[in-house]
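Below is one structure, written out as structure tokens, with a few remarks after it.
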Amino acid sequence: MKFEKFKPENYKNVDIKFTLRLPEELHQDIASYSNKHNISMNTLILNCIEYAMANREEEDK
């Protein structure tokens with residue numbers, strides 16, 4: 001399986017509110033990465049979910 005390179009992009013028209021609980025260490029990692037790349041934590045999390053869904057095993061699609 002070949003993965004595409006992860007590159008976060010901004011979203012428009014995000015209108016569904018969703019609450020997510022994270023372990024403190026993961027929250028800190030996400031906050032640090034998003035600050036380094038000048039994007040919001042929400043945008044980073046959306047991109048991570050989209051990347052994971054696009055690169056999941058074929059039989060799961």
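The way I read the labels, and the way they are meant: chains A, B, ... in the order of the structure tokens, residue 1 as the first residue of every chain, and ligand 1 as the first ligand shown, with later ones counted on from there.
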So that I can see what lies close to segment 28-31 of chain A, please list as a JSON list (two decimals) with N, CA and C atoms, in the first residue's frame the residues with an atom at most 10 Å from it, counting only C-alpha atoms and leaving out residues fewer than 4 positions away in the same chain.
[["chain", "number", "residue", "atom", "x", "y", "z"],
["A", 22, "LEU", "N", -9.60, 14.12, 23.82],
["A", 22, "LEU", "CA", -8.26, 13.65, 23.47],
["A", 22, "LEU", "C", -7.41, 13.43, 24.72],
["A", 23, "PRO", "N", -6.49, 12.48, 24.66],
["A", 23, "PRO", "CA", -5.50, 12.39, 25.73],
["A", 23, "PRO", "C", -4.65, 13.67, 25.73],
["A", 24, "GLU", "N", -4.19, 14.07, 26.90],
["A", 24, "GLU", "CA", -3.45, 15.33, 27.02],
["A", 24, "GLU", "C", -2.23, 15.38, 26.11],
["A", 35, "ASN", "N", 0.38, 24.87, 15.39],
["A", 35, "ASN", "CA", 1.05, 26.16, 15.55],
["A", 35, "ASN", "C", 2.24, 26.28, 14.60],
["A", 36, "LYS", "N", 3.03, 25.21, 14.49],
["A", 36, "LYS", "CA", 4.20, 25.20, 13.62],
["A", 36, "LYS", "C", 3.82, 25.43, 12.16],
["A", 39, "ILE", "N", -1.92, 26.57, 11.15],
["A", 39, "ILE", "CA", -3.29, 26.16, 10.86],
["A", 39, "ILE", "C", -4.00, 25.91, 12.19],
["A", 40, "SER", "N", -5.30, 25.89, 12.18],
["A", 40, "SER", "CA", -6.05, 25.64, 13.41],
["A", 40, "SER", "C", -6.00, 24.15, 13.76],
["A", 41, "MET", "N", -6.22, 23.86, 15.02],
["A", 41, "MET", "CA", -6.28, 22.46, 15.45],
["A", 41, "MET", "C", -7.44, 21.76, 14.76],
["A", 42, "ASN", "N", -8.55, 22.44, 14.59],
["A", 42, "ASN", "CA", -9.71, 21.87, 13.92],
["A", 42, "ASN", "C", -9.36, 21.46, 12.48],
["A", 44, "LEU", "N", -6.39, 20.79, 11.29],
["A", 44, "LEU", "CA", -5.46, 19.66, 11.33],
["A", 44, "LEU", "C", -6.20, 18.35, 11.59],
["A", 45, "ILE", "N", -7.11, 18.35, 12.55],
["A", 45, "ILE", "CA", -7.87, 17.13, 12.87],
["A", 45, "ILE", "C", -8.72, 16.71, 11.68]]
How would you write, as a list of chain:residue names, the set of residues in chain A that DSSP gives as alpha helix (DSSP H)?
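Answer for chain A, restricted to alpha helix (DSSP H): A:Glu24, A:Glu25, A:Leu26, A:His27, A:Gln28, A:Asp29, A:Ile30, A:Ala31, A:Ser32, A:Tyr33, A:Ser34, A:Asn35, A:Lys36, A:Met41, A:Asn42, A:Thr43, A:Leu44, A:Ile45, A:Leu46, A:Asn47, A:Cys48, A:Ile49, A:Glu50, A:Tyr51, A:Ala52, A:Met53, A:Ala54.
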The selected residues should be written to file as a JSON list (two decimals), in the first residue's frame (atoms: N, CA and C atoms).
[["chain", "number", "residue", "atom", "x", "y", "z"],
["A", 24, "GLU", "N", -4.19, 14.07, 26.90],
["A", 24, "GLU", "CA", -3.45, 15.33, 27.02],
["A", 24, "GLU", "C", -2.23, 15.38, 26.11],
["A", 25, "GLU", "N", -1.47, 14.28, 26.04],
["A", 25, "GLU", "CA", -0.25, 14.26, 25.22],
["A", 25, "GLU", "C", -0.58, 14.44, 23.73],
["A", 26, "LEU", "N", -1.64, 13.78, 23.26],
["A", 26, "LEU", "CA", -2.04, 13.94, 21.86],
["A", 26, "LEU", "C", -2.50, 15.37, 21.59],
["A", 27, "HIS", "N", -3.23, 15.95, 22.53],
["A", 27, "HIS", "CA", -3.68, 17.34, 22.39],
["A", 27, "HIS", "C", -2.48, 18.27, 22.26],
["A", 28, "GLN", "N", -1.46, 18.05, 23.07],
["A", 28, "GLN", "CA", -0.25, 18.88, 23.01],
["A", 28, "GLN", "C", 0.47, 18.71, 21.67],
["A", 29, "ASP", "N", 0.53, 17.46, 21.17],
["A", 29, "ASP", "CA", 1.17, 17.22, 19.87],
["A", 29, "ASP", "C", 0.42, 17.91, 18.75],
["A", 30, "ILE", "N", -0.90, 17.84, 18.78],
["A", 30, "ILE", "CA", -1.73, 18.49, 17.75],
["A", 30, "ILE", "C", -1.57, 20.01, 17.82],
["A", 31, "ALA", "N", -1.60, 20.54, 19.03],
["A", 31, "ALA", "CA", -1.44, 21.99, 19.21],
["A", 31, "ALA", "C", -0.09, 22.46, 18.69],
["A", 32, "SER", "N", 0.96, 21.72, 19.01],
["A", 32, "SER", "CA", 2.30, 22.07, 18.56],
["A", 32, "SER", "C", 2.42, 22.03, 17.04],
["A", 33, "TYR", "N", 1.92, 20.95, 16.43],
["A", 33, "TYR", "CA", 2.00, 20.80, 14.98],
["A", 33, "TYR", "C", 1.20, 21.90, 14.27],
["A", 34, "SER", "N", -0.01, 22.16, 14.77],
["A", 34, "SER", "CA", -0.84, 23.18, 14.12],
["A", 34, "SER", "C", -0.22, 24.57, 14.24],
["A", 35, "ASN", "N", 0.38, 24.87, 15.39],
["A", 35, "ASN", "CA", 1.05, 26.16, 15.55],
["A", 35, "ASN", "C", 2.24, 26.28, 14.60],
["A", 36, "LYS", "N", 3.03, 25.21, 14.49],
["A", 36, "LYS", "CA", 4.20, 25.20, 13.62],
["A", 36, "LYS", "C", 3.82, 25.43, 12.16],
["A", 41, "MET", "N", -6.22, 23.86, 15.02],
["A", 41, "MET", "CA", -6.28, 22.46, 15.45],
["A", 41, "MET", "C", -7.44, 21.76, 14.76],
["A", 42, "ASN", "N", -8.55, 22.44, 14.59],
["A", 42, "ASN", "CA", -9.71, 21.87, 13.92],
["A", 42, "ASN", "C", -9.36, 21.46, 12.48],
["A", 43, "THR", "N", -8.68, 22.34, 11.77],
["A", 43, "THR", "CA", -8.27, 22.04, 10.40],
["A", 43, "THR", "C", -7.34, 20.84, 10.36],
["A", 44, "LEU", "N", -6.39, 20.79, 11.29],
["A", 44, "LEU", "CA", -5.46, 19.66, 11.33],
["A", 44, "LEU", "C", -6.20, 18.35, 11.59],
["A", 45, "ILE", "N", -7.11, 18.35, 12.55],
["A", 45, "ILE", "CA", -7.87, 17.13, 12.87],
["A", 45, "ILE", "C", -8.72, 16.71, 11.68],
["A", 46, "LEU", "N", -9.37, 17.66, 11.00],
["A", 46, "LEU", "CA", -10.16, 17.33, 9.81],
["A", 46, "LEU", "C", -9.28, 16.71, 8.73],
["A", 47, "ASN", "N", -8.10, 17.27, 8.53],
["A", 47, "ASN", "CA", -7.18, 16.74, 7.53],
["A", 47, "ASN", "C", -6.70, 15.33, 7.91],
["A", 48, "CYS", "N", -6.43, 15.10, 9.18],
["A", 48, "CYS", "CA", -6.00, 13.78, 9.62],
["A", 48, "CYS", "C", -7.09, 12.74, 9.39],
["A", 49, "ILE", "N", -8.33, 13.09, 9.70],
["A", 49, "ILE", "CA", -9.44, 12.16, 9.48],
["A", 49, "ILE", "C", -9.61, 11.89, 7.98],
["A", 50, "GLU", "N", -9.56, 12.92, 7.18],
["A", 50, "GLU", "CA", -9.70, 12.76, 5.73],
["A", 50, "GLU", "C", -8.57, 11.89, 5.17],
["A", 51, "TYR", "N", -7.35, 12.11, 5.62],
["A", 51, "TYR", "CA", -6.19, 11.32, 5.18],
["A", 51, "TYR", "C", -6.36, 9.85, 5.56],
["A", 52, "ALA", "N", -6.77, 9.61, 6.80],
["A", 52, "ALA", "CA", -6.96, 8.23, 7.26],
["A", 52, "ALA", "C", -8.05, 7.54, 6.46],
["A", 53, "MET", "N", -9.14, 8.23, 6.18],
["A", 53, "MET", "CA", -10.23, 7.63, 5.42],
["A", 53, "MET", "C", -9.83, 7.35, 3.97],
["A", 54, "ALA", "N", -9.05, 8.23, 3.38],
["A", 54, "ALA", "CA", -8.62, 8.05, 2.00],
["A", 54, "ALA", "C", -7.58, 6.94, 1.86]]
Could you please determine the separation between atom CA of Asn10 of chain A and atom CA of Asn38 of chain A in Å, to one decimal place?
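Value for the atom CA of Asn10 of chain A-atom CA of Asn38 of chain A distance: 10.3 Å.
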One-decimal distance in Å that lies between atom CA of His37 of chain A and atom CA of Glu9 of chain A:
10.2 Å
